[in-house]
Each structure stands twice: as C-alpha cells, then as structure tokens.
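Colleague: Just start31.csv, nothing more (CSV, C-alpha atoms):
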chain,number,residue,atom,x,y,z
D,38,MET,CA,104.4,41.4,-56.7
D,39,HIS,CA,101.6,43.6,-55.5
D,40,ASP,CA,100.6,44.4,-59.1
D,41,ALA,CA,101.0,40.7,-60.1
D,42,TYR,CA,98.6,39.6,-57.3
D,43,CYS,CA,96.1,42.3,-58.2
D,44,ARG,CA,96.1,41.2,-61.9
D,45,ALA,CA,95.5,37.6,-60.8
D,46,PHE,CA,92.6,38.5,-58.5
D,47,ASP,CA,91.1,40.9,-61.0
D,48,ARG,CA,91.1,38.1,-63.6
D,49,ILE,CA,89.6,35.7,-61.2
D,50,GLY,CA,86.8,38.2,-60.7
D,51,LEU,CA,86.9,38.6,-56.9
D,52,ASP,CA,85.8,41.7,-54.9
D,53,TYR,CA,89.0,42.1,-52.8
D,54,ARG,CA,91.1,44.6,-51.0
D,55,ALA,CA,94.9,44.8,-50.6
D,56,VAL,CA,95.3,45.9,-47.0
D,57,LEU,CA,98.2,47.1,-44.8
D,58,ALA,CA,99.0,44.3,-42.3
D,59,ASP,CA,101.2,43.4,-39.4
D,60,SER,CA,104.2,41.2,-40.4
D,61,GLY,CA,104.0,39.2,-37.1
D,62,ALA,CA,106.8,37.1,-35.7
D,63,ILE,CA,108.5,36.6,-39.1
D,64,GLY,CA,109.4,40.3,-39.2
D,65,GLY,CA,110.0,42.5,-42.1
D,66,THR,CA,108.2,45.5,-43.4
D,67,GLY,CA,105.8,46.5,-46.2
D,68,SER,CA,103.3,43.8,-45.3
D,69,GLN,CA,100.1,43.6,-47.3
D,70,GLU,CA,97.3,41.1,-47.1
D,71,PHE,CA,94.8,40.4,-49.9
D,72,HIS,CA,91.3,39.9,-48.6
D,73,VAL,CA,88.2,38.8,-50.4
D,74,LEU,CA,85.2,40.7,-48.8
D,75,ALA,CA,82.8,38.1,-47.3
D,76,ASP,CA,80.5,38.1,-44.3
D,77,SER,CA,82.1,34.7,-43.2
D,78,GLY,CA,85.6,36.2,-43.2
D,79,GLU,CA,87.9,35.8,-40.2
D,80,ASP,CA,89.4,39.3,-40.2
D,81,ASP,CA,88.0,42.9,-40.0
D,82,ILE,CA,89.1,45.0,-43.0
D,83,VAL,CA,89.1,48.8,-42.6
D,84,PHE,CA,88.9,50.8,-45.9
D,85,SER,CA,88.1,54.3,-46.9
D,86,THR,CA,84.8,55.3,-48.6
D,87,GLU,CA,86.6,57.7,-50.9
D,88,SER,CA,90.2,56.6,-51.4
D,89,SER,CA,92.3,53.4,-51.9
D,90,TYR,CA,93.3,53.2,-48.2
D,91,ALA,CA,92.7,49.8,-46.7
D,92,ALA,CA,94.2,48.0,-43.7
D,93,ASN,CA,93.6,45.0,-41.5
D,94,ILE,CA,92.0,46.3,-38.3
D,95,GLU,CA,95.2,45.3,-36.4
D,96,LYS,CA,97.2,47.7,-38.5
D,97,ALA,CA,94.6,50.5,-39.2
D,98,GLN,CA,95.7,53.8,-37.9
D,99,CYS,CA,93.2,55.8,-35.9
D,100,ILE,CA,93.2,59.6,-36.4
D,101,PRO,CA,91.9,61.6,-33.3
D,102,GLU,CA,89.0,63.7,-34.2
D,103,GLY,CA,87.8,66.9,-32.5
D,104,SER,CA,89.4,68.9,-29.8
D,105,ARG,CA,89.3,68.7,-26.0
D,106,GLY,CA,86.6,70.7,-24.4
D,107,THR,CA,87.1,73.3,-21.6
D,108,PRO,CA,86.5,71.9,-18.1
D,109,SER,CA,83.0,72.7,-17.0
D,110,GLU,CA,82.4,70.4,-14.0
D,111,PRO,CA,84.0,70.1,-10.6
D,112,LEU,CA,86.0,67.0,-9.8
D,113,ARG,CA,83.9,64.8,-7.5
D,114,ARG,CA,84.3,61.4,-6.0
D,115,VAL,CA,81.1,59.3,-6.3
D,116,GLU,CA,80.3,56.0,-4.6
D,117,THR,CA,79.6,53.2,-7.2
D,118,PRO,CA,79.1,50.1,-5.1
D,119,THR,CA,77.6,47.9,-7.9
D,120,GLN,CA,78.9,49.6,-11.0
D,121,LYS,CA,81.8,47.3,-12.1
D,122,THR,CA,81.6,48.0,-15.8
D,123,ILE,CA,81.5,51.0,-18.2
D,124,GLU,CA,78.0,49.9,-19.3
D,125,ALA,CA,76.7,49.9,-15.7
D,126,LEU,CA,78.3,53.3,-15.0
D,127,VAL,CA,76.7,54.8,-18.2
D,128,ARG,CA,73.3,53.3,-17.4
D,129,ASP,CA,73.1,54.2,-13.7
D,130,PHE,CA,74.6,57.7,-13.8
D,131,GLN,CA,73.4,58.9,-17.3
D,132,LEU,CA,77.0,59.5,-18.2
D,133,PRO,CA,77.7,59.5,-22.0
D,134,ILE,CA,80.0,56.6,-22.8
D,135,THR,CA,82.3,59.0,-24.7
D,136,GLN,CA,82.9,60.7,-21.3
D,137,THR,CA,84.3,57.6,-19.7
D,138,VAL,CA,87.7,55.9,-19.9
D,139,LYS,CA,88.9,52.3,-19.3
D,140,THR,CA,92.1,51.5,-17.6
D,141,LEU,CA,94.0,48.3,-18.6
D,142,ILE,CA,97.1,47.1,-16.7
D,143,VAL,CA,99.7,45.2,-18.8
D,144,LYS,CA,103.3,44.1,-18.2
D,145,ALA,CA,105.9,46.6,-19.1
D,146,ALA,CA,108.8,46.0,-21.4
D,147,ASP,CA,112.2,44.9,-19.9
D,148,GLY,CA,114.0,47.8,-18.4
D,149,GLN,CA,110.8,49.7,-17.4
D,150,PRO,CA,111.2,50.3,-13.6
D,151,ALA,CA,107.6,49.9,-12.6
D,152,GLY,CA,107.1,46.5,-14.2
D,153,PHE,CA,103.6,47.4,-15.4
D,154,VAL,CA,101.9,50.0,-17.5
D,155,ALA,CA,98.4,51.4,-17.5
D,156,LEU,CA,96.8,51.8,-20.9
D,157,ILE,CA,93.8,54.2,-21.1
D,158,ILE,CA,91.2,54.1,-23.9
D,159,ARG,CA,87.8,55.7,-24.2
D,160,GLY,CA,84.9,53.8,-22.8
D,161,ASP,CA,83.3,53.0,-26.2
D,162,HIS,CA,86.6,51.8,-27.8
D,163,THR,CA,88.5,48.5,-27.8
D,164,LEU,CA,92.2,48.0,-27.2
D,165,ASN,CA,94.1,47.0,-30.2
D,166,GLU,CA,96.5,44.4,-28.8
D,167,ILE,CA,98.9,44.5,-31.7
D,168,LYS,CA,99.3,48.2,-31.5
D,169,ALA,CA,99.8,48.0,-27.7
D,170,GLU,CA,102.5,45.4,-27.8
D,171,HIS,CA,104.4,47.4,-30.5
D,172,HIS,CA,104.6,50.3,-28.0
D,173,PRO,CA,108.2,50.4,-26.7
D,174,ALA,CA,107.0,50.6,-23.1
D,175,VAL,CA,104.9,47.5,-23.3
D,176,LEU,CA,106.1,43.9,-23.1
D,177,ALA,CA,105.7,41.8,-26.3
D,178,PRO,CA,103.8,39.6,-26.5
D,179,LEU,CA,101.2,41.6,-24.7
D,180,THR,CA,100.5,40.2,-21.2
D,181,PHE,CA,97.7,41.5,-19.1
D,182,ALA,CA,98.1,41.7,-15.3
D,183,THR,CA,96.2,39.1,-13.3
D,184,GLU,CA,93.5,40.3,-10.9
D,185,ALA,CA,95.8,39.6,-8.0
D,186,GLU,CA,98.6,41.7,-9.6
D,187,VAL,CA,96.1,44.5,-10.4
D,188,ARG,CA,95.0,44.7,-6.8
D,189,ASP,CA,98.6,44.6,-5.5
D,190,ILE,CA,99.6,47.4,-7.9
D,191,MET,CA,96.5,49.6,-7.9
D,192,GLY,CA,94.8,48.8,-4.6
D,193,ALA,CA,91.5,48.0,-6.3
D,194,GLY,CA,89.9,45.5,-8.7
D,195,PRO,CA,89.7,45.8,-12.4
D,196,GLY,CA,86.2,47.5,-12.3
D,197,SER,CA,87.5,50.5,-10.3
D,198,LEU,CA,90.7,51.6,-12.0
D,199,GLY,CA,91.6,55.0,-13.3
D,200,PRO,CA,94.5,57.4,-14.2
D,201,LEU,CA,94.2,59.8,-11.2
D,202,ASP,CA,97.0,59.0,-8.7
D,203,CYS,CA,98.0,55.9,-10.7
D,204,PRO,CA,101.2,54.5,-9.2
D,205,ILE,CA,102.5,53.2,-12.6
D,206,PRO,CA,103.2,54.9,-15.9
D,207,VAL,CA,100.1,55.8,-17.9
D,208,ILE,CA,99.8,55.8,-21.7
D,209,VAL,CA,96.6,57.3,-23.1
D,210,ASP,CA,95.0,56.7,-26.5
D,211,HIS,CA,94.9,59.8,-28.7
D,212,GLN,CA,91.1,60.0,-28.7
D,213,ALA,CA,90.9,59.4,-24.9
D,214,ALA,CA,93.3,62.3,-24.4
D,215,LEU,CA,90.6,64.6,-25.9
D,216,CYS,CA,88.1,63.7,-23.3
D,217,SER,CA,86.9,66.3,-20.8
D,218,ASP,CA,84.7,66.1,-17.7
D,219,PHE,CA,85.0,62.3,-17.9
D,220,GLY,CA,84.5,59.5,-15.4
D,221,ALA,CA,87.0,56.9,-14.4
D,222,GLY,CA,87.7,54.5,-11.5
D,223,ALA,CA,89.1,56.0,-8.3
D,224,ASN,CA,91.5,53.1,-7.6
D,225,GLU,CA,89.4,52.1,-4.7
D,226,ASP,CA,86.7,49.4,-4.9
D,227,GLY,CA,83.2,50.9,-5.2
D,228,TRP,CA,84.3,54.5,-6.1
D,229,HIS,CA,84.7,56.6,-9.3
D,230,TRP,CA,85.8,60.1,-10.1
D,231,PHE,CA,83.5,62.2,-12.2
D,232,GLY,CA,84.4,65.5,-13.8
D,233,LEU,CA,88.1,64.5,-14.5
D,234,ASN,CA,90.1,66.7,-16.9
D,235,TRP,CA,93.5,66.4,-18.3
D,236,GLY,CA,95.8,69.3,-17.5
D,237,ARG,CA,93.6,70.3,-14.5
D,238,ASP,CA,93.2,67.2,-12.3
D,239,LEU,CA,95.7,65.0,-14.3
D,240,PRO,CA,99.0,65.8,-16.0
D,241,GLU,CA,98.9,66.2,-19.8
D,242,PRO,CA,99.0,62.6,-20.9
D,243,VAL,CA,101.6,60.7,-22.8
D,244,THR,CA,99.6,59.5,-25.9
D,245,ALA,CA,99.7,56.8,-28.5
D,246,ASP,CA,97.4,55.1,-31.0
D,247,LEU,CA,96.1,52.2,-28.9
D,248,ARG,CA,92.5,51.5,-30.1
D,249,ASN,CA,90.7,49.6,-32.9
D,250,ALA,CA,89.2,51.6,-35.6
D,251,VAL,CA,85.4,51.9,-35.7
D,252,GLU,CA,83.2,52.5,-38.7
D,253,GLY,CA,82.8,56.2,-39.4
D,254,ASP,CA,86.3,57.1,-38.2
D,255,LEU,CA,88.3,59.5,-40.3
D,256,SER,CA,90.3,57.7,-43.0
D,257,PRO,CA,94.0,57.8,-42.0
D,258,ASP,CA,94.9,59.3,-45.4
D,259,GLY,CA,92.5,62.2,-44.7
D,260,ILE,CA,90.1,61.2,-47.5
D,261,GLY,CA,86.6,60.1,-46.5
D,262,ARG,CA,85.5,57.9,-43.6
D,263,VAL,CA,86.2,54.2,-43.0
D,264,LEU,CA,84.0,51.2,-43.4
D,265,ILE,CA,84.7,47.9,-41.8
D,266,ARG,CA,83.9,44.6,-43.5
D,267,ARG,CA,84.8,41.0,-42.9
D,268,GLY,CA,87.5,39.5,-45.1
D,269,ILE,CA,89.0,36.1,-46.1
D,270,GLU,CA,92.7,36.3,-46.5
D,271,VAL,CA,93.8,34.8,-49.8
D,272,GLY,CA,97.3,36.2,-50.3
D,273,HIS,CA,100.1,37.9,-48.3
D,274,ILE,CA,103.2,39.7,-49.5
D,275,PHE,CA,105.9,41.4,-47.4
D,276,GLN,CA,109.5,42.4,-47.6
D,277,LEU,CA,112.0,40.7,-45.3
D,278,GLY,CA,114.8,43.1,-46.2
D,279,THR,CA,118.2,41.7,-45.1
D,280,LYS,CA,117.1,40.3,-41.7
D,281,TYR,CA,117.6,36.7,-42.6
D,282,SER,CA,120.1,37.0,-45.4
D,283,GLU,CA,122.5,38.9,-43.1
D,284,ALA,CA,122.1,36.2,-40.4
D,285,MET,CA,122.8,33.5,-42.9
D,286,GLY,CA,125.6,35.3,-44.8
D,287,ALA,CA,123.6,35.0,-48.0
D,288,GLN,CA,125.2,37.1,-50.7
D,289,VAL,CA,125.0,37.5,-54.5
D,290,LEU,CA,127.1,39.3,-57.0
D,291,ASP,CA,125.7,42.6,-58.3
D,292,GLU,CA,126.1,44.0,-61.8
D,293,GLN,CA,129.6,45.2,-61.0
D,294,GLY,CA,130.6,41.8,-59.6
D,295,ARG,CA,130.6,42.9,-56.0
D,296,ALA,CA,129.3,40.7,-53.2
D,297,VAL,CA,126.1,42.2,-51.7
D,298,THR,CA,123.7,40.9,-49.1
D,299,MET,CA,120.5,39.9,-50.9
D,300,HIS,CA,117.1,41.4,-50.1
D,301,MET,CA,114.3,38.9,-49.5
D,302,GLY,CA,110.6,38.9,-49.7
D,303,CYS,CA,107.8,36.5,-48.7
D,304,TYR,CA,104.9,35.7,-50.9
D,305,GLY,CA,101.9,33.4,-50.7
D,306,ILE,CA,98.6,32.7,-52.3
D,307,GLY,CA,95.9,30.5,-50.7
D,308,ILE,CA,94.7,28.4,-53.6
D,309,THR,CA,92.0,26.5,-51.7
D,310,ARG,CA,91.0,29.7,-49.9
D,311,ILE,CA,90.4,31.4,-53.2
D,312,VAL,CA,88.0,28.7,-54.2
D,313,ALA,CA,86.2,29.0,-50.9
D,314,ALA,CA,86.2,32.8,-51.0
D,315,ALA,CA,84.8,32.8,-54.5
D,316,ILE,CA,81.9,30.6,-53.4
D,317,GLU,CA,81.2,32.8,-50.4
D,318,GLN,CA,81.1,35.9,-52.6
D,319,ARG,CA,79.3,34.4,-55.6
D,320,HIS,CA,76.4,32.2,-54.8
D,321,ASP,CA,72.6,32.4,-54.6
D,322,GLU,CA,69.8,30.3,-53.1
D,323,ARG,CA,70.3,27.7,-55.9
D,324,GLY,CA,74.1,27.1,-55.5
D,325,ILE,CA,77.4,28.4,-56.8
D,326,CYS,CA,77.8,31.2,-59.4
D,327,TRP,CA,81.4,30.6,-60.6
D,328,PRO,CA,83.3,33.4,-62.2
D,329,ALA,CA,84.2,32.1,-65.7
D,330,SER,CA,87.9,32.0,-64.8
D,331,LEU,CA,87.3,29.4,-62.0
D,332,ALA,CA,84.4,27.4,-63.3
D,333,PRO,CA,85.1,23.7,-63.6
D,334,PHE,CA,83.5,23.8,-67.0
D,335,ASP,CA,82.7,26.6,-69.4
D,336,VAL,CA,79.4,25.2,-70.5
D,337,CYS,CA,77.0,22.3,-69.8
D,338,ILE,CA,74.8,20.7,-72.3
D,339,VAL,CA,71.6,19.1,-71.1
D,340,PRO,CA,69.8,16.9,-73.7
D,341,ILE,CA,66.1,16.5,-73.0
D,342,GLY,CA,63.9,13.7,-74.4
D,343,ALA,CA,66.9,11.8,-75.8
D,344,ASN,CA,65.2,8.5,-74.8
D,345,LYS,CA,62.5,9.2,-77.3
D,346,SER,CA,64.6,11.1,-79.9
D,347,PRO,CA,68.1,9.7,-80.6
D,348,GLU,CA,68.7,12.8,-82.7
D,349,VAL,CA,68.9,14.9,-79.5
D,350,ILE,CA,71.8,13.0,-78.1
D,351,THR,CA,73.5,12.9,-81.5
D,352,ALA,CA,73.1,16.7,-81.8
D,353,SER,CA,74.3,17.2,-78.2
D,354,GLU,CA,77.5,15.1,-78.8
D,355,SER,CA,78.1,16.9,-82.1
D,356,LEU,CA,77.8,20.3,-80.4
D,357,MET,CA,80.1,19.2,-77.6
D,358,THR,CA,82.7,18.1,-80.1
D,359,ARG,CA,82.7,21.4,-81.9
D,360,LEU,CA,82.9,23.4,-78.7
D,361,GLU,CA,85.8,21.3,-77.3
D,362,ALA,CA,87.6,21.6,-80.6
D,363,ALA,CA,87.4,25.4,-80.1
D,364,GLY,CA,89.0,25.1,-76.7
D,365,PHE,CA,86.0,25.1,-74.4
D,366,SER,CA,85.5,22.7,-71.5
D,367,VAL,CA,82.1,21.0,-71.8
D,368,LEU,CA,80.0,18.9,-69.5
D,369,LEU,CA,77.4,16.7,-71.1
D,370,ASP,CA,74.7,15.8,-68.6
D,371,ASP,CA,73.2,12.7,-70.3
D,372,ARG,CA,72.0,11.1,-67.0
D,373,ASN,CA,68.7,9.3,-67.1
D,374,LEU,CA,66.9,11.9,-65.0
D,375,GLY,CA,64.1,14.4,-65.6
D,376,PRO,CA,64.9,18.0,-66.6
D,377,GLY,CA,64.2,19.4,-63.1
D,378,PRO,CA,66.8,17.4,-61.2
D,379,ARG,CA,69.5,18.0,-63.9
D,380,PHE,CA,68.8,21.7,-64.1
D,381,ALA,CA,69.0,21.9,-60.2
D,382,ASP,CA,72.3,20.1,-60.2
D,383,MET,CA,73.8,22.3,-62.9
D,384,ASP,CA,72.7,25.4,-60.9
D,385,LEU,CA,74.2,23.9,-57.8
D,386,ILE,CA,77.5,23.2,-59.5
D,387,GLY,CA,77.4,26.7,-61.0
D,388,ILE,CA,78.6,26.3,-64.6
D,389,PRO,CA,78.4,29.7,-66.3
D,390,VAL,CA,76.3,28.7,-69.3
D,391,ARG,CA,73.7,26.0,-69.7
D,392,LEU,CA,72.6,24.7,-73.2
D,393,VAL,CA,69.4,22.7,-73.5
D,394,LEU,CA,68.6,20.6,-76.6
D,395,SER,CA,65.2,18.9,-77.1
D,396,PRO,CA,63.2,17.6,-80.0
D,397,LYS,CA,61.3,20.9,-80.1
D,398,THR,CA,64.4,23.1,-80.2
D,399,LEU,CA,66.1,20.8,-82.8
D,400,GLU,CA,63.0,21.0,-85.0
D,401,ALA,CA,63.7,24.8,-85.2
D,402,ASN,CA,67.5,24.2,-85.3
D,403,GLN,CA,67.8,26.1,-82.0
D,404,VAL,CA,69.2,25.6,-78.5
D,405,GLU,CA,68.0,27.1,-75.2
D,406,TRP,CA,70.8,29.4,-73.9
D,407,LYS,CA,70.8,30.1,-70.2
D,408,VAL,CA,73.5,32.1,-68.2
D,409,ARG,CA,73.8,30.9,-64.6
D,410,THR,CA,73.4,34.4,-63.1
D,411,GLU,CA,70.4,35.4,-65.2
D,412,THR,CA,66.8,34.5,-64.6
D,413,GLU,CA,65.6,34.2,-68.2
D,414,ALA,CA,66.6,31.7,-70.9
D,415,ALA,CA,66.7,32.5,-74.7
D,416,LEU,CA,66.5,30.4,-77.9
D,417,ILE,CA,69.4,30.9,-80.3
D,418,PRO,CA,70.4,29.1,-83.4
D,419,VAL,CA,72.7,26.1,-82.8
D,420,ASP,CA,75.2,27.6,-85.2
D,421,ALA,CA,75.4,30.8,-83.1
D,422,VAL,CA,76.5,29.0,-79.9
D,423,LEU,CA,80.2,29.0,-80.6
D,424,ALA,CA,80.3,32.7,-81.6
D,425,ARG,CA,78.4,33.7,-78.5
D,426,LEU,CA,80.7,31.7,-76.2
D,427,THR,CA,83.8,33.1,-78.0
D,428,GLN,CA,82.4,36.7,-77.6
D,429,GLY,CA,81.9,36.1,-73.9
D,430,VAL,CA,85.5,35.0,-73.5
D,431,GLU,CA,86.9,38.0,-75.4
D,432,SER,CA,84.8,40.4,-73.3
D,433,ARG,CA,86.3,39.2,-70.0
Could you render the structure from this file as structure tokens?
Modeller:
Amino acid sequence: MHDAYCRAFDRIGLDYRAVLADSGAIGGTGSQEFHVLADSGEDDIVFSTESSYAANIEKAQCIPEGSRGTPSEPLRRVETPTQKTIEALVRDFQLPITQTVKTLIVKAADGQPAGFVALIIRGDHTLNEIKAEHHPAVLAPLTFATEAEVRDIMGAGPGSLGPLDCPIPVIVDHQAALCSDFGAGANEDGWHWFGLNWGRDLPEPVTADLRNAVEGDLSPDGIGRVLIRRGIEVGHIFQLGTKYSEAMGAQVLDEQGRAVTMHMGCYGIGITRIVAAAIEQRHDERGICWPASLAPFDVCIVPIGANKSPEVITASESLMTRLEAAGFSVLLDDRNLGPGPRFADMDLIGIPVRLVLSPKTLEANQVEWKVRTETEAALIPVDAVLARLTQGVESR
C-alpha cells in the first residue's frame, strides 16, 4: 500500500513525504501519513537533509546530542521576585536558555502512588504531548495539573517549579539530562536554584524522549540533520493487526484450509485535499499551475479575431476535433471577449497548454503555443500541435 500510494502521488506530480505518524485512538502500528509540503499545511513534518527519514513532529524521535559538562559552579539559591518565565530568567540573569529547565506537572497513570508526575524539559524546548502521554507513568489522555493542584503538590506556582526536592516522581527529557550548572525553580514562589547539576545536587535522572524536534537536530537514523516544514495530509495508511478481528471473531481460511484470524489495515486518500494541496504547491501570481495529471483540460484553444475572420473559428474547431479524437481534453474559449481577459482566465484556471489562433497565424499556417509555467510563447505549425502534445504525454 505504501508503494501504491507513492506511485499515485508521483504520477500526480506532488512534492510529498511519507512520514512516521501516531495511530491515535484507532490503534494499530506501522502508521504512515503522506504529506504534501506547503506553507499552509496544518502539521509540522520533520525530515532528514541526507536520508529518507521523515516523521510527523508528534512521532519524530529526538536523539540527545553532546555530553554532560563537569560541574563548575556552586549551587546557589537566588531570589527571583518578578521572573515567572524562562524568558525573564534568561533576560534578567544573563543565563543561557540551554542552561535552564522547565517543570510541567501532569496527572500520573492509574496505579502510580503519587497521582502526579513532573516532566522536565530544557528551557528552549517544547513538550511533545503525544510522546508524554505514551509514557507508562503518565495518564492518557495527557492532563496537566491545575494551578491549585500544582500549588498543593509543589508548594509554589507554575513559574517557580524545579526538580530539586520535588515531592513527586520526576521524568527528564534526554537532552535536559545533559544539562550542567543549570537554573530551575526552587519550589517556592520568587526563588530559583542556579548551578544545579545532576548527580551532584540531584539524583541521576530517569529519562525519556519528551520533547518536540527542532530544526538542526540530529536525524534519528544518524544520517544528516533534520528540517521542519509544514505539510498537508493527503493520505494515511496503518496496520491494525488483529486488534479488531480478534474482538469480532473474524476469521478466514488460509491456504491449508485452517481458520485464522485475519490481519486488518486502514487506508485512506483525501481526494479533495489532493486538489487543494496541488494548488497550494503549484501556483503563481496569475493563478493555478496544474500538473498535467490533475488539469481539468489538457489544452485550451483561444481563437482571436474570429468576429472578423470566420476562418479562425473554423480552424479552431477543426483543431479541437483532431485533438479530441486523439484522446485529449480540449477547452475552446470562444467567448466574445478581448484577448487579455481570456488569457488571464486561462492562466487563472491553469490549463497546461494554451493554443492561440488568429488571422495572422493562420496566414502562415501556424498556431501560438504557450505552456502555462513558461513565460515565452512560440509559433509552431498547426500540423505539429498533435505531435508535440503527444510527446509531452509520453515524457511524463
């Protein structure tokens, strides 16, 4: 199914990525989404600069980079009466943001004695909520503690939290676990610890991949760095395994005539999304630039001066008949408008090839050939039109 989807999108002519994705509530494994890259996309797509790795940001693995530095500062407790955010702490104390951590309190999974868990990420990173709720110690769906619950648990508000003397279990993102001499809240309003170090002031942390990828991270497959672009999801495939067939007792006979539980998959293509994505990806200031495989017509014929020269409309209709007989879809724009408005409309619609016939071109037995994505038109013999269109189809 992956190969079939790729062949379809290749033929359509889209710039797309097949990305690893989360299966969501429906379950299953092996989930892959197909995203067309476009600035208007609703999802962030993470992909390697040097390999085929690609994933939705919710699924993109983050590989820790570097090593933890040796402690070089003493632990000190600093009053921070107005610094309620990482940004304020960095600005007012000239502390590198990579030497800060954020503490987020979420509800714990059933069976966890504390009822809540503290998640720690580096100050410049963002929590990946999908990764967090997949952690066995965290309740799914992910539920953040209210401010009242935070104060009851930690003794301070959200702007002053930290891992030192934390009364609930702590899970630290892999990259945050490499921080040294870092700053964090002191679990008392208006106070922070500076010069914190894992293994000296804090126990060696329990770690997990908790953050969103950022551009420039190491690619999870070890090849290159990652870029992040917006994507429009146009297809989704994933394996359901036997999750539903077992529950429904759905069995089939195998080659040996034995009853076996069937394996199921889930597949979908967004037909209207493909149209929208193609327009987002292929347009200019004049309108749509359809890929030939999606264009509503293969070619448009625009007769000019037909009101003064009936031969022009006769030749246009004759050419249209020949092209249609050869299997091409043709639009004849014979509206009683000047050349400018009709040319503008054809550019707006985005038909791949425009043919213009006029008394002057017919006098030389020629037609003006213009490809939508090119700036220059060319005069070619009328009898050469069919061969050139056919050649274009064969080269796709």
Colleague: Quick one: residues within 12 Å of Gln288 in chain D, all atoms listed in the file, excluding same-chain residues fewer than 2 positions away - as a short mmCIF file (atom, residue, chain, number, x, y, z; two decimals) with C-alpha atoms, in the coordinates of the input?
Modeller:
data_model
loop_
_atom_site.label_atom_id
_atom_site.label_comp_id
_atom_site.auth_asym_id
_atom_site.auth_seq_id
_atom_site.Cartn_x
_atom_site.Cartn_y
_atom_site.Cartn_z
CA THR D 279 118.20 41.70 -45.10
CA TYR D 281 117.60 36.70 -42.60
CA SER D 282 120.10 37.00 -45.40
CA GLU D 283 122.50 38.90 -43.10
CA ALA D 284 122.10 36.20 -40.40
CA MET D 285 122.80 33.50 -42.90
CA GLY D 286 125.60 35.30 -44.80
CA LEU D 290 127.10 39.30 -57.00
CA ASP D 291 125.70 42.60 -58.30
CA GLY D 294 130.60 41.80 -59.60
CA ARG D 295 130.60 42.90 -56.00
CA ALA D 296 129.30 40.70 -53.20
CA VAL D 297 126.10 42.20 -51.70
CA THR D 298 123.70 40.90 -49.10
CA MET D 299 120.50 39.90 -50.90
CA HIS D 300 117.10 41.40 -50.10
CA MET D 301 114.30 38.90 -49.50
#
Colleague: Which one of D:Ala250, D:Ile100, D:Ile308, D:Val408 sits closest to Cys326 in chain D if you count all atoms listed in the file?
Modeller: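 Among the listed residues, D:Val408 lies closest to Cys326 in chain D.
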Colleague: Report the closest atom pair, with its distance in Å rounded to one decimal, for each residue of range 87-117 of chain D that has an atom no farther than 9 Å from range 54-64 of chain D; count only C-alpha atoms, sort by chain and then rising residue number, and write it as JSON lines.
Modeller:
{"residue": "D:Ser89", "atom": "CA", "partner": "D:Arg54", "partner_atom": "CA", "distance": 8.9}
{"residue": "D:Tyr90", "atom": "CA", "partner": "D:Val56", "partner_atom": "CA", "distance": 7.7}
{"residue": "D:Ala91", "atom": "CA", "partner": "D:Val56", "partner_atom": "CA", "distance": 4.7}
{"residue": "D:Ala92", "atom": "CA", "partner": "D:Val56", "partner_atom": "CA", "distance": 4.1}
{"residue": "D:Asn93", "atom": "CA", "partner": "D:Ala58", "partner_atom": "CA", "distance": 5.5}
{"residue": "D:Ile94", "atom": "CA", "partner": "D:Ala58", "partner_atom": "CA", "distance": 8.3}
{"residue": "D:Glu95", "atom": "CA", "partner": "D:Asp59", "partner_atom": "CA", "distance": 7.0}
{"residue": "D:Lys96", "atom": "CA", "partner": "D:Ala58", "partner_atom": "CA", "distance": 5.4}
{"residue": "D:Ala97", "atom": "CA", "partner": "D:Leu57", "partner_atom": "CA", "distance": 7.5}
Colleague: Within 9 Å of Lys144 in chain D, counting only C-alpha atoms, which residues qualify if same-chain residues fewer than 2 places away don't, as a short mmCIF file (atom, residue, chain, number, x, y, z; two decimals) with C-alpha atoms, in the coordinates of the input?
Modeller:
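Once everything was written out, this is around-v6.cif:
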data_model
loop_
_atom_site.label_atom_id
_atom_site.label_comp_id
_atom_site.auth_asym_id
_atom_site.auth_seq_id
_atom_site.Cartn_x
_atom_site.Cartn_y
_atom_site.Cartn_z
CA ILE D 142 97.10 47.10 -16.70
CA ALA D 146 108.80 46.00 -21.40
CA GLY D 152 107.10 46.50 -14.20
CA PHE D 153 103.60 47.40 -15.40
CA VAL D 154 101.90 50.00 -17.50
CA ALA D 155 98.40 51.40 -17.50
CA ALA D 174 107.00 50.60 -23.10
CA VAL D 175 104.90 47.50 -23.30
CA LEU D 176 106.10 43.90 -23.10
CA ALA D 177 105.70 41.80 -26.30
CA LEU D 179 101.20 41.60 -24.70
CA THR D 180 100.50 40.20 -21.20
CA PHE D 181 97.70 41.50 -19.10
CA ALA D 182 98.10 41.70 -15.30
#
Colleague: CA of Pro418 in chain D and CA of Asp371 in chain D are how many Å apart?
Modeller: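 Computed distance, CA of Pro418 in chain D to CA of Asp371 in chain D, equals 21.2 Å.
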Colleague: I want to know what sits within 10 Å of Ala414 in chain D, based on all atoms listed in the file, with residues of the same chain fewer than 4 positions away left out; could you give that as a ChimeraX atom specification?
Modeller: /D:391-393,405-409
Colleague: Rounded to one decimal in Å, what is the spacing between CA of Leu416 in chain D and CA of Gly364 in chain D?
Modeller: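 Between CA of Leu416 in chain D and CA of Gly364 in chain D the gap is 23.1 Å.
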